[in-house]
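With mmCIF, N, CA and C atoms inside, this is model.cif:
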data_work
loop_
_atom_site.label_atom_id
_atom_site.label_comp_id
_atom_site.auth_asym_id
_atom_site.auth_seq_id
_atom_site.Cartn_x
_atom_site.Cartn_y
_atom_site.Cartn_z
N MET A 1 -2.20 -13.42 -1.96
CA MET A 1 -3.39 -14.08 -2.47
C MET A 1 -4.40 -13.00 -2.87
N LEU A 2 -5.02 -13.21 -4.02
CA LEU A 2 -6.03 -12.28 -4.51
C LEU A 2 -7.40 -12.68 -3.96
N ARG A 3 -8.19 -11.70 -3.55
CA ARG A 3 -9.49 -11.97 -2.96
C ARG A 3 -10.63 -11.95 -3.96
N SER A 4 -10.45 -11.24 -5.05
CA SER A 4 -11.54 -11.06 -6.00
C SER A 4 -11.84 -12.35 -6.76
N GLN A 5 -13.10 -12.53 -7.09
CA GLN A 5 -13.54 -13.70 -7.85
C GLN A 5 -13.88 -13.34 -9.30
N HIS A 6 -13.74 -12.07 -9.66
CA HIS A 6 -14.10 -11.61 -10.99
C HIS A 6 -12.88 -11.00 -11.68
N PRO A 7 -12.78 -11.16 -13.01
CA PRO A 7 -11.60 -10.67 -13.73
C PRO A 7 -11.30 -9.19 -13.50
N ARG A 8 -12.33 -8.33 -13.49
CA ARG A 8 -12.10 -6.90 -13.27
C ARG A 8 -11.54 -6.65 -11.86
N GLY A 9 -12.03 -7.39 -10.90
CA GLY A 9 -11.53 -7.25 -9.54
C GLY A 9 -10.10 -7.73 -9.40
N VAL A 10 -9.77 -8.82 -10.08
CA VAL A 10 -8.40 -9.33 -10.07
C VAL A 10 -7.46 -8.31 -10.69
N GLU A 11 -7.88 -7.72 -11.80
CA GLU A 11 -7.07 -6.70 -12.47
C GLU A 11 -6.84 -5.51 -11.53
N GLN A 12 -7.88 -5.09 -10.84
CA GLN A 12 -7.77 -3.98 -9.91
C GLN A 12 -6.82 -4.31 -8.76
N GLU A 13 -6.91 -5.52 -8.24
CA GLU A 13 -6.03 -5.92 -7.14
C GLU A 13 -4.57 -5.97 -7.58
N VAL A 14 -4.31 -6.50 -8.78
CA VAL A 14 -2.94 -6.56 -9.28
C VAL A 14 -2.37 -5.16 -9.42
N PHE A 15 -3.14 -4.25 -10.01
CA PHE A 15 -2.68 -2.87 -10.13
C PHE A 15 -2.44 -2.24 -8.76
N ALA A 16 -3.29 -2.54 -7.79
CA ALA A 16 -3.11 -2.00 -6.44
C ALA A 16 -1.79 -2.51 -5.83
N PHE A 17 -1.51 -3.80 -5.99
CA PHE A 17 -0.26 -4.36 -5.47
C PHE A 17 0.95 -3.71 -6.16
N LEU A 18 0.85 -3.51 -7.47
CA LEU A 18 1.95 -2.88 -8.20
C LEU A 18 2.16 -1.44 -7.75
N LEU A 19 1.09 -0.71 -7.51
CA LEU A 19 1.20 0.67 -7.04
C LEU A 19 1.83 0.73 -5.65
N VAL A 20 1.42 -0.17 -4.77
CA VAL A 20 2.00 -0.19 -3.42
C VAL A 20 3.48 -0.55 -3.49
N HIS A 21 3.82 -1.51 -4.33
CA HIS A 21 5.22 -1.90 -4.49
C HIS A 21 6.04 -0.71 -4.98
N HIS A 22 5.54 -0.01 -5.98
CA HIS A 22 6.25 1.15 -6.51
C HIS A 22 6.38 2.25 -5.45
N ALA A 23 5.32 2.50 -4.71
CA ALA A 23 5.36 3.53 -3.67
C ALA A 23 6.38 3.19 -2.59
N LEU A 24 6.44 1.92 -2.18
CA LEU A 24 7.41 1.51 -1.17
C LEU A 24 8.84 1.64 -1.69
N ARG A 25 9.06 1.23 -2.93
CA ARG A 25 10.41 1.35 -3.51
C ARG A 25 10.83 2.81 -3.62
N ASP A 26 9.88 3.67 -3.98
CA ASP A 26 10.18 5.10 -4.05
C ASP A 26 10.53 5.64 -2.67
N LEU A 27 9.76 5.26 -1.66
CA LEU A 27 10.04 5.67 -0.28
C LEU A 27 11.43 5.20 0.15
N MET A 28 11.75 3.96 -0.16
CA MET A 28 13.05 3.41 0.20
C MET A 28 14.18 4.19 -0.49
N HIS A 29 13.98 4.47 -1.77
CA HIS A 29 15.00 5.18 -2.55
C HIS A 29 15.23 6.59 -2.00
N ARG A 30 14.13 7.32 -1.76
CA ARG A 30 14.25 8.70 -1.25
C ARG A 30 14.89 8.72 0.14
N THR A 31 14.48 7.78 0.98
CA THR A 31 15.04 7.72 2.34
C THR A 31 16.53 7.41 2.30
N ALA A 32 16.92 6.46 1.47
CA ALA A 32 18.33 6.09 1.36
C ALA A 32 19.17 7.27 0.86
N LEU A 33 18.69 7.94 -0.18
CA LEU A 33 19.44 9.07 -0.71
C LEU A 33 19.54 10.21 0.31
N ARG A 34 18.45 10.46 1.04
CA ARG A 34 18.46 11.51 2.06
C ARG A 34 19.50 11.23 3.14
N ASP A 35 19.61 9.94 3.51
CA ASP A 35 20.52 9.57 4.60
C ASP A 35 21.90 9.13 4.11
N GLY A 36 22.14 9.21 2.79
CA GLY A 36 23.45 8.86 2.24
C GLY A 36 23.74 7.38 2.21
N HIS A 37 22.71 6.56 2.03
CA HIS A 37 22.88 5.10 1.97
C HIS A 37 22.59 4.58 0.57
N ASP A 38 23.01 3.37 0.32
CA ASP A 38 22.71 2.70 -0.95
C ASP A 38 21.27 2.17 -0.89
N PRO A 39 20.39 2.59 -1.80
CA PRO A 39 18.99 2.14 -1.77
C PRO A 39 18.84 0.62 -1.88
N ASP A 40 19.79 -0.04 -2.54
CA ASP A 40 19.71 -1.49 -2.69
C ASP A 40 20.01 -2.25 -1.40
N ARG A 41 20.49 -1.55 -0.38
CA ARG A 41 20.82 -2.20 0.89
C ARG A 41 19.68 -2.16 1.90
N ILE A 42 18.57 -1.52 1.53
CA ILE A 42 17.42 -1.44 2.44
C ILE A 42 16.50 -2.62 2.14
N PRO A 43 16.21 -3.46 3.12
CA PRO A 43 15.38 -4.64 2.89
C PRO A 43 13.91 -4.26 2.63
N PHE A 44 13.37 -4.80 1.54
CA PHE A 44 11.98 -4.53 1.18
C PHE A 44 11.02 -5.06 2.23
N THR A 45 11.24 -6.27 2.72
CA THR A 45 10.30 -6.87 3.68
C THR A 45 10.27 -6.09 4.99
N ARG A 46 11.41 -5.58 5.40
CA ARG A 46 11.43 -4.78 6.63
C ARG A 46 10.66 -3.47 6.43
N THR A 47 10.85 -2.85 5.28
CA THR A 47 10.11 -1.63 4.96
C THR A 47 8.62 -1.91 4.95
N LEU A 48 8.23 -3.01 4.34
CA LEU A 48 6.81 -3.39 4.28
C LEU A 48 6.24 -3.57 5.69
N ARG A 49 6.97 -4.24 6.58
CA ARG A 49 6.51 -4.43 7.95
C ARG A 49 6.35 -3.10 8.69
N ILE A 50 7.31 -2.21 8.51
CA ILE A 50 7.24 -0.89 9.17
C ILE A 50 6.02 -0.12 8.68
N VAL A 51 5.82 -0.10 7.38
CA VAL A 51 4.68 0.63 6.81
C VAL A 51 3.37 0.00 7.25
N ARG A 52 3.29 -1.33 7.27
CA ARG A 52 2.07 -2.00 7.73
C ARG A 52 1.74 -1.62 9.18
N ARG A 53 2.75 -1.60 10.04
CA ARG A 53 2.52 -1.21 11.43
C ARG A 53 1.99 0.21 11.52
N HIS A 54 2.57 1.09 10.75
CA HIS A 54 2.15 2.49 10.77
C HIS A 54 0.73 2.66 10.22
N VAL A 55 0.44 2.02 9.13
CA VAL A 55 -0.87 2.17 8.48
C VAL A 55 -1.95 1.49 9.31
N THR A 56 -1.71 0.30 9.82
CA THR A 56 -2.73 -0.37 10.63
C THR A 56 -2.95 0.32 11.95
N GLY A 57 -1.96 1.09 12.41
CA GLY A 57 -2.14 1.88 13.62
C GLY A 57 -3.16 2.99 13.42
N GLN A 58 -3.38 3.37 12.18
CA GLN A 58 -4.35 4.41 11.86
C GLN A 58 -5.67 3.81 11.35
N ALA A 59 -5.81 2.51 11.41
CA ALA A 59 -6.98 1.84 10.84
C ALA A 59 -8.28 2.17 11.58
N ALA A 60 -8.18 2.71 12.77
CA ALA A 60 -9.39 3.05 13.52
C ALA A 60 -10.13 4.23 12.90
N LEU A 61 -9.45 4.98 12.03
CA LEU A 61 -10.10 6.10 11.36
C LEU A 61 -11.07 5.57 10.31
N SER A 62 -12.26 6.07 10.33
CA SER A 62 -13.27 5.63 9.37
C SER A 62 -13.26 6.56 8.16
N PRO A 63 -13.21 6.00 6.96
CA PRO A 63 -13.23 6.86 5.77
C PRO A 63 -14.58 7.54 5.59
N LEU A 64 -14.56 8.70 5.00
CA LEU A 64 -15.80 9.41 4.72
C LEU A 64 -16.50 8.79 3.52
N PRO A 65 -17.81 8.91 3.44
CA PRO A 65 -18.52 8.40 2.25
C PRO A 65 -18.00 9.09 1.00
N THR A 66 -18.03 8.36 -0.13
CA THR A 66 -17.51 8.90 -1.37
C THR A 66 -18.49 9.85 -2.04
N ARG A 67 -19.75 9.78 -1.70
CA ARG A 67 -20.74 10.69 -2.27
C ARG A 67 -21.85 10.91 -1.25
N PRO A 68 -22.54 12.04 -1.33
CA PRO A 68 -23.61 12.32 -0.38
C PRO A 68 -24.68 11.23 -0.40
N GLY A 69 -25.13 10.85 0.77
CA GLY A 69 -26.18 9.85 0.87
C GLY A 69 -25.71 8.42 0.77
N HIS A 70 -24.42 8.20 0.51
CA HIS A 70 -23.89 6.85 0.38
C HIS A 70 -23.50 6.33 1.76
N HIS A 71 -24.02 5.17 2.12
CA HIS A 71 -23.71 4.57 3.42
C HIS A 71 -23.08 3.22 3.18
N PRO A 72 -21.73 3.09 3.33
CA PRO A 72 -21.03 1.83 3.06
C PRO A 72 -21.57 0.65 3.84
N GLU A 73 -22.08 0.87 5.06
CA GLU A 73 -22.56 -0.28 5.85
C GLU A 73 -23.81 -0.90 5.24
N HIS A 74 -24.49 -0.19 4.32
CA HIS A 74 -25.69 -0.72 3.67
C HIS A 74 -25.38 -1.30 2.31
N ALA A 75 -24.14 -1.26 1.89
CA ALA A 75 -23.77 -1.73 0.55
C ALA A 75 -23.77 -3.23 0.48
#

Mind turning the file's structure into structure tokens?
Amino acid sequence: MLRSQHPRGVEQEVFAFLLVHHALRDLMHRTALRDGHDPDRIPFTRTLRIVRRHVTGQAALSPLPTRPGHHPEHA
């Protein structure tokens, strides 16, 4: 489900989903080739769950401001 209510935001979200999909497929392909397996035999949903667990485990890290003087909590 897309969260944005504006066309530019929807476009950005779609591109983000496509980039994540491509990155996961690339990870799956490289891992399969490294281990001598067929890349088509690695389940996408399982890979997605593993990556989500790993990434959300690091969610406690707070990103740095993108520019000096910028405070995201005041945005």

Could you jot down the atom C of Leu24 in chain A to atom C of Thr47 in chain A separation for me, Å, one decimal place?
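Calculated distance between atom C of Leu24 in chain A and atom C of Thr47 in chain A is 7.5 Å.
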
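Atom to atom, atom C of Met28 in chain A and atom N of Glu13 in chain A stand 24.5 Å apart.
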
Just to confirm, what's the straight-line distance from atom C of Asp38 in chain A to atom C of Val51 in chain A in Å (one decimal)?
19.8 Å

Check range 18-47 of chain A with DSSP on the backbone and list each residue it calls helix (DSSP H, G or I), as a list of chain:residue names.
A:Leu18, A:Leu19, A:Val20, A:His21, A:His22, A:Ala23, A:Leu24, A:Arg25, A:Asp26, A:Leu27, A:Met28, A:His29, A:Arg30, A:Thr31, A:Ala32, A:Leu33, A:Arg34, A:Asp35, A:Pro39, A:Asp40, A:Arg41, A:Phe44, A:Thr45, A:Arg46, A:Thr47
